[in-house]
$ cat my_file_32.cif   # mmCIF, C-alpha atoms
data_my_file
#
loop_
_atom_site.label_atom_id
_atom_site.label_comp_id
_atom_site.auth_asym_id
_atom_site.auth_seq_id
_atom_site.Cartn_x
_atom_site.Cartn_y
_atom_site.Cartn_z
CA MET A 1 45.05 -26.97 57.76
CA LEU A 2 41.49 -25.99 56.82
CA ARG A 3 42.29 -26.21 53.10
CA THR A 4 43.95 -29.59 53.52
CA GLY A 5 40.86 -30.79 55.39
CA PHE A 6 38.63 -29.43 52.60
CA PHE A 7 40.32 -31.58 49.96
CA ALA A 8 40.59 -34.58 52.27
CA LEU A 9 36.82 -34.39 52.71
CA ILE A 10 36.32 -34.20 48.93
CA ALA A 11 38.64 -37.18 48.41
CA LEU A 12 36.78 -39.23 51.01
CA ALA A 13 33.42 -38.34 49.50
CA LEU A 14 34.63 -39.20 46.00
CA ALA A 15 35.96 -42.56 47.14
CA SER A 16 32.58 -43.50 48.58
CA ALA A 17 30.39 -41.92 45.89
CA GLY A 18 31.22 -44.18 42.96
CA PRO A 19 32.05 -43.03 39.45
CA ALA A 20 31.58 -39.38 38.56
CA ALA A 21 30.06 -38.07 35.36
CA ALA A 22 32.68 -37.94 32.64
CA ALA A 23 33.78 -34.60 31.23
CA LEU A 24 32.60 -33.67 27.75
CA PRO A 25 34.64 -35.61 25.16
CA GLN A 26 36.73 -34.39 22.25
CA ALA A 27 34.68 -33.33 19.21
CA ALA A 28 31.66 -32.44 21.38
CA ALA A 29 30.15 -29.01 20.89
CA ALA A 30 31.20 -26.68 23.70
CA PRO A 31 28.12 -25.27 25.45
CA ASP A 32 27.97 -21.52 24.96
CA PHE A 33 27.62 -19.37 28.08
CA THR A 34 27.88 -15.85 29.38
CA ALA A 35 29.36 -15.18 32.82
CA GLN A 36 30.69 -12.41 35.00
CA VAL A 37 34.49 -12.45 34.96
CA ALA A 38 37.24 -10.66 36.82
CA GLN A 39 40.70 -9.72 35.65
CA GLY A 40 43.00 -7.39 37.48
CA GLY A 41 40.18 -6.49 39.86
CA ALA A 42 37.84 -5.31 37.09
CA VAL A 43 34.52 -7.07 36.48
CA SER A 44 33.12 -7.58 32.98
CA SER A 45 31.00 -10.01 31.00
CA PHE A 46 32.42 -12.94 29.01
CA THR A 47 30.60 -14.87 26.29
CA LEU A 48 32.29 -18.00 24.96
CA SER A 49 31.02 -17.66 21.38
CA THR A 50 32.34 -14.09 21.18
CA ALA A 51 35.77 -15.13 22.48
CA LEU A 52 35.92 -17.99 19.96
CA GLU A 53 35.63 -15.45 17.13
CA ARG A 54 39.14 -14.25 18.15
CA GLY A 55 40.76 -17.68 18.55
CA PRO A 56 40.77 -20.82 20.69
CA VAL A 57 39.68 -20.77 24.32
CA VAL A 58 41.26 -22.68 27.20
CA LEU A 59 38.51 -23.16 29.73
CA TYR A 60 39.54 -24.61 33.05
CA PHE A 61 37.29 -25.45 35.97
CA TYR A 62 38.66 -25.49 39.50
CA PRO A 63 37.08 -26.26 42.89
CA LYS A 64 37.76 -23.25 45.12
CA SER A 65 39.66 -19.98 44.86
CA PHE A 66 42.53 -19.63 47.35
CA SER A 67 42.76 -23.38 48.09
CA SER A 68 46.31 -24.70 47.71
CA GLY A 69 45.81 -26.66 44.47
CA CYS A 70 43.75 -23.94 42.81
CA THR A 71 46.30 -21.30 43.78
CA ALA A 72 49.16 -23.41 42.36
CA GLU A 73 47.22 -23.93 39.13
CA ALA A 74 46.45 -20.19 38.82
CA HIS A 75 50.14 -19.36 39.32
CA ASP A 76 51.06 -21.86 36.57
CA PHE A 77 48.55 -20.41 34.09
CA ALA A 78 49.74 -16.87 34.91
CA ALA A 79 53.40 -17.85 34.43
CA HIS A 80 52.63 -19.25 30.95
CA ILE A 81 50.15 -16.66 29.70
CA ALA A 82 52.58 -15.37 27.04
CA ALA A 83 52.60 -18.82 25.41
CA TYR A 84 48.79 -18.84 25.31
CA LYS A 85 48.69 -15.33 23.84
CA ALA A 86 51.25 -16.32 21.19
CA MET A 87 48.66 -18.87 19.98
CA HIS A 88 45.84 -16.27 20.22
CA ALA A 89 44.18 -18.31 22.97
CA THR A 90 42.00 -16.86 25.70
CA VAL A 91 42.36 -18.47 29.15
CA VAL A 92 39.34 -18.52 31.47
CA GLY A 93 39.27 -20.16 34.90
CA ILE A 94 35.83 -20.98 36.35
CA SER A 95 34.68 -21.90 39.84
CA GLY A 96 31.52 -21.58 41.88
CA ASP A 97 33.01 -18.71 43.88
CA SER A 98 31.25 -15.33 43.96
CA ILE A 99 32.40 -12.57 41.66
CA ALA A 100 33.69 -10.67 44.73
CA GLN A 101 35.92 -13.65 45.55
CA GLN A 102 37.04 -13.88 41.91
CA VAL A 103 38.02 -10.19 41.92
CA LYS A 104 40.42 -10.91 44.80
CA PHE A 105 41.67 -14.17 43.26
CA SER A 106 42.30 -12.51 39.89
CA THR A 107 44.63 -9.94 41.40
CA GLN A 108 46.25 -11.93 44.20
CA GLU A 109 46.79 -15.35 42.60
CA CYS A 110 46.27 -14.91 38.84
CA ALA A 111 48.57 -11.86 38.74
CA SER A 112 45.86 -10.03 36.74
CA LYS A 113 46.92 -12.03 33.66
CA PHE A 114 43.75 -13.94 32.72
CA LEU A 115 40.02 -14.08 33.32
CA VAL A 116 38.35 -15.93 36.19
CA ALA A 117 34.60 -16.47 36.03
CA SER A 118 32.00 -16.79 38.72
CA ASP A 119 29.65 -19.75 38.25
CA PRO A 120 27.06 -19.50 41.05
CA GLY A 121 25.08 -22.72 41.27
CA LEU A 122 27.67 -24.38 39.00
CA LYS A 123 25.40 -24.04 35.94
CA ILE A 124 28.33 -23.75 33.54
CA ALA A 125 30.31 -26.52 35.24
CA LYS A 126 27.27 -28.82 35.05
CA SER A 127 26.83 -28.12 31.33
CA TYR A 128 30.47 -29.25 30.88
CA HIS A 129 30.04 -32.29 33.18
CA SER A 130 32.72 -30.82 35.46
CA VAL A 131 31.20 -31.08 38.93
CA ILE A 132 32.23 -32.96 42.09
CA LEU A 133 29.28 -34.23 44.11
CA GLY A 134 27.17 -31.34 42.86
CA LEU A 135 29.07 -29.05 45.23
CA TYR A 136 32.27 -27.91 43.51
CA ALA A 137 33.65 -27.56 40.02
CA ASP A 138 35.93 -30.49 39.16
CA ARG A 139 39.47 -29.68 38.02
CA THR A 140 38.92 -30.13 34.28
CA SER A 141 40.60 -28.29 31.43
CA TYR A 142 39.22 -27.92 27.92
CA VAL A 143 40.72 -26.56 24.72
CA ILE A 144 37.96 -25.28 22.45
CA ALA A 145 38.61 -24.55 18.77
CA PRO A 146 37.30 -21.37 17.14
CA GLY A 147 34.42 -23.36 15.58
CA GLY A 148 33.17 -24.29 19.04
CA LYS A 149 34.30 -27.93 19.13
CA ILE A 150 36.20 -29.33 22.09
CA THR A 151 39.60 -30.51 20.89
CA TYR A 152 41.07 -31.53 24.25
CA THR A 153 39.77 -32.55 27.69
CA TYR A 154 41.79 -33.33 30.81
CA THR A 155 40.47 -34.04 34.31
CA SER A 156 42.68 -34.44 37.37
CA LEU A 157 42.46 -32.96 40.85
CA ASP A 158 46.25 -32.69 40.66
CA PRO A 159 46.90 -29.22 39.18
CA ASP A 160 50.40 -30.01 37.90
CA LYS A 161 49.73 -30.99 34.26
CA HIS A 162 46.82 -28.80 33.20
CA VAL A 163 48.99 -26.02 31.77
CA ALA A 164 51.49 -28.28 29.99
CA ASN A 165 48.69 -30.42 28.56
CA THR A 166 46.58 -27.53 27.31
CA LEU A 167 49.61 -25.85 25.73
CA ALA A 168 50.46 -29.11 23.92
CA ALA A 169 46.84 -29.41 22.77
CA LEU A 170 46.93 -25.82 21.49
CA HIS A 171 50.12 -26.56 19.55
CA ALA A 172 48.42 -29.61 17.98
CA LEU A 173 45.36 -27.50 17.14
CA GLU A 174 47.54 -24.81 15.59
CA VAL A 175 49.16 -27.43 13.33
CA THR A 176 45.77 -28.78 12.18
CA LEU A 177 44.40 -25.29 11.49
CA LYS A 178 47.32 -24.42 9.18
#

$ encode --input "my_file_32.cif" --output "C-alpha cells"
Amino acid sequence: MLRTGFFALIALALASAGPAAAALPQAAAAPDFTAQVAQGGAVSSFTLSTALERGPVVLYFYPKSFSSGCTAEAHDFAAHIAAYKAMHATVVGISGDSIAQQVKFSTQECASKFLVASDPGLKIAKSYHSVILGLYADRTSYVIAPGGKITYTYTSLDPDKHVANTLAALHALEVTLK
C-alpha cells in the first residue's frame, strides 16, 4: 500500500507540475560519470567512459529500489541479461538510493546479474535530464554507443517496454557498427 501511495503521489505531482525536462536526445554526447555500484552484494566503482571501451552501455534510471515498478523492471533486465551480454553491452541501473540499499537490491531483485549505481543528490540523473520533480530519477533508458553518443532514449514510468526497446536498439546499433 505504501508503494502504491508513493507512485500515486508522484503521478499527482506530475499532473500538476506541467511539462518535465526532456531526456537527452539521440546523437547527444552521453555525460561521463563515475559512481559507486553494487552487483551481487559487492561494491565497486563504475566509470562510463571505461565501460564504453568494452562495448555499448544500457543505462537505465529508475525512481526507487524495491518499489513495485522498479522491482519488475529489475527482474526483466535480469531475465534478459544473456541477450545484452551477447551484444557485449553493459547494463547499469541508477537511482538516488544509497549504496547500502543498492547492495540489497542488486542481490534480491537484480539476481546479482547487473550493476546498480547509487546517485546521491541525483547528480547523474540531472546530467541526463532524467529527474522527476527534483526528487527521484525518472524511468528513462539510454543506449550509448562505444563512441559515447546516445543512440536510443526511452522514457516511461511504465517499466514494461524498457528491456524490449533497449534490446531492439542494441540490435539496430549492432547492424550499423558492422

$ resolve_selection --input "my_file_32.cif" --expression "the PyMOL selection byres ((chain A and resi 51) around 12)" --output "PDB file with C-alpha atoms, in the frame of the given file"
ATOM      1  CA  ASP A  32      27.970 -21.520  24.960  1.00  0.00           C
ATOM      2  CA  PHE A  33      27.620 -19.370  28.080  1.00  0.00           C
ATOM      3  CA  THR A  34      27.880 -15.850  29.380  1.00  0.00           C
ATOM      4  CA  SER A  45      31.000 -10.010  31.000  1.00  0.00           C
ATOM      5  CA  PHE A  46      32.420 -12.940  29.010  1.00  0.00           C
ATOM      6  CA  THR A  47      30.600 -14.870  26.290  1.00  0.00           C
ATOM      7  CA  LEU A  48      32.290 -18.000  24.960  1.00  0.00           C
ATOM      8  CA  SER A  49      31.020 -17.660  21.380  1.00  0.00           C
ATOM      9  CA  THR A  50      32.340 -14.090  21.180  1.00  0.00           C
ATOM     10  CA  LEU A  52      35.920 -17.990  19.960  1.00  0.00           C
ATOM     11  CA  GLU A  53      35.630 -15.450  17.130  1.00  0.00           C
ATOM     12  CA  ARG A  54      39.140 -14.250  18.150  1.00  0.00           C
ATOM     13  CA  GLY A  55      40.760 -17.680  18.550  1.00  0.00           C
ATOM     14  CA  PRO A  56      40.770 -20.820  20.690  1.00  0.00           C
ATOM     15  CA  VAL A  57      39.680 -20.770  24.320  1.00  0.00           C
ATOM     16  CA  VAL A  58      41.260 -22.680  27.200  1.00  0.00           C
ATOM     17  CA  LEU A  59      38.510 -23.160  29.730  1.00  0.00           C
ATOM     18  CA  HIS A  88      45.840 -16.270  20.220  1.00  0.00           C
ATOM     19  CA  ALA A  89      44.180 -18.310  22.970  1.00  0.00           C
ATOM     20  CA  THR A  90      42.000 -16.860  25.700  1.00  0.00           C
ATOM     21  CA  VAL A  91      42.360 -18.470  29.150  1.00  0.00           C
ATOM     22  CA  VAL A  92      39.340 -18.520  31.470  1.00  0.00           C
ATOM     23  CA  LEU A 115      40.020 -14.080  33.320  1.00  0.00           C
ATOM     24  CA  ILE A 144      37.960 -25.280  22.450  1.00  0.00           C
ATOM     25  CA  ALA A 145      38.610 -24.550  18.770  1.00  0.00           C
ATOM     26  CA  PRO A 146      37.300 -21.370  17.140  1.00  0.00           C
ATOM     27  CA  GLY A 147      34.420 -23.360  15.580  1.00  0.00           C
ATOM     28  CA  GLY A 148      33.170 -24.290  19.040  1.00  0.00           C
TER      29      GLY A 148
END

$ resolve_selection --input "my_file_32.cif" --expression "the PyMOL selection byres ((chain A and resi 152-160) around 8)" --output "list of chain:residue names"
A:Ala23, A:Leu24, A:Pro25, A:Gln26, A:Gly69, A:Cys70, A:Ala72, A:Glu73, A:Asp138, A:Arg139, A:Thr140, A:Ser141, A:Tyr142, A:Val143, A:Ile144, A:Ile150, A:Thr151, A:Lys161, A:His162, A:Val163, A:Asn165, A:Thr166, A:Ala169

$ atom_distance --input "my_file_32.cif" --atom1 "CA of Gly121 (chain A)" --atom2 "CA of His75 (chain A)"
25.4 Å

$ closest_residue --input "my_file_32.cif" --among "A:Ala74, A:Ala168, A:Val175, A:Ala117" --to "Ile94 (chain A)" --atoms "only C-alpha atoms"
A:Ala117

$ resolve_selection --input "my_file_32.cif" --expression "the PyMOL selection byres ((chain A and resi 38) around 6)" --output "MDAnalysis selection string"
chainID A and resid 37 39 41:43 103 115:116

$ write_last_selection --input "my_file_32.cif" --atoms "C-alpha atoms" --output "PDB file, keeping the file's coordinate frame"
ATOM      1  CA  VAL A  37      34.490 -12.450  34.960  1.00  0.00           C
ATOM      2  CA  GLN A  39      40.700  -9.720  35.650  1.00  0.00           C
ATOM      3  CA  GLY A  41      40.180  -6.490  39.860  1.00  0.00           C
ATOM      4  CA  ALA A  42      37.840  -5.310  37.090  1.00  0.00           C
ATOM      5  CA  VAL A  43      34.520  -7.070  36.480  1.00  0.00           C
ATOM      6  CA  VAL A 103      38.020 -10.190  41.920  1.00  0.00           C
ATOM      7  CA  LEU A 115      40.020 -14.080  33.320  1.00  0.00           C
ATOM      8  CA  VAL A 116      38.350 -15.930  36.190  1.00  0.00           C
TER       9      VAL A 116
END

$ atom_distance --input "my_file_32.cif" --atom1 "CA of Tyr62 (chain A)" --atom2 "CA of Thr176 (chain A)"
28.4 Å

$ residues_near_point --input "my_file_32.cif" --point "(42.9, -13.9, 38.9)" --cutoff "7 Å" --atoms "all atoms listed in the file" --output "list in words"
Ala38, Gln39, Gly40, Gln102, Val103, Phe105, Ser106, Thr107, Gln108, Glu109, Cys110, Ala111, Ser112, Lys113, Phe114, Leu115 and Val116 of chain A

$ atom_distance --input "my_file_32.cif" --atom1 "CA of Gly96 (chain A)" --atom2 "CA of Ala137 (chain A)"
6.6 Å
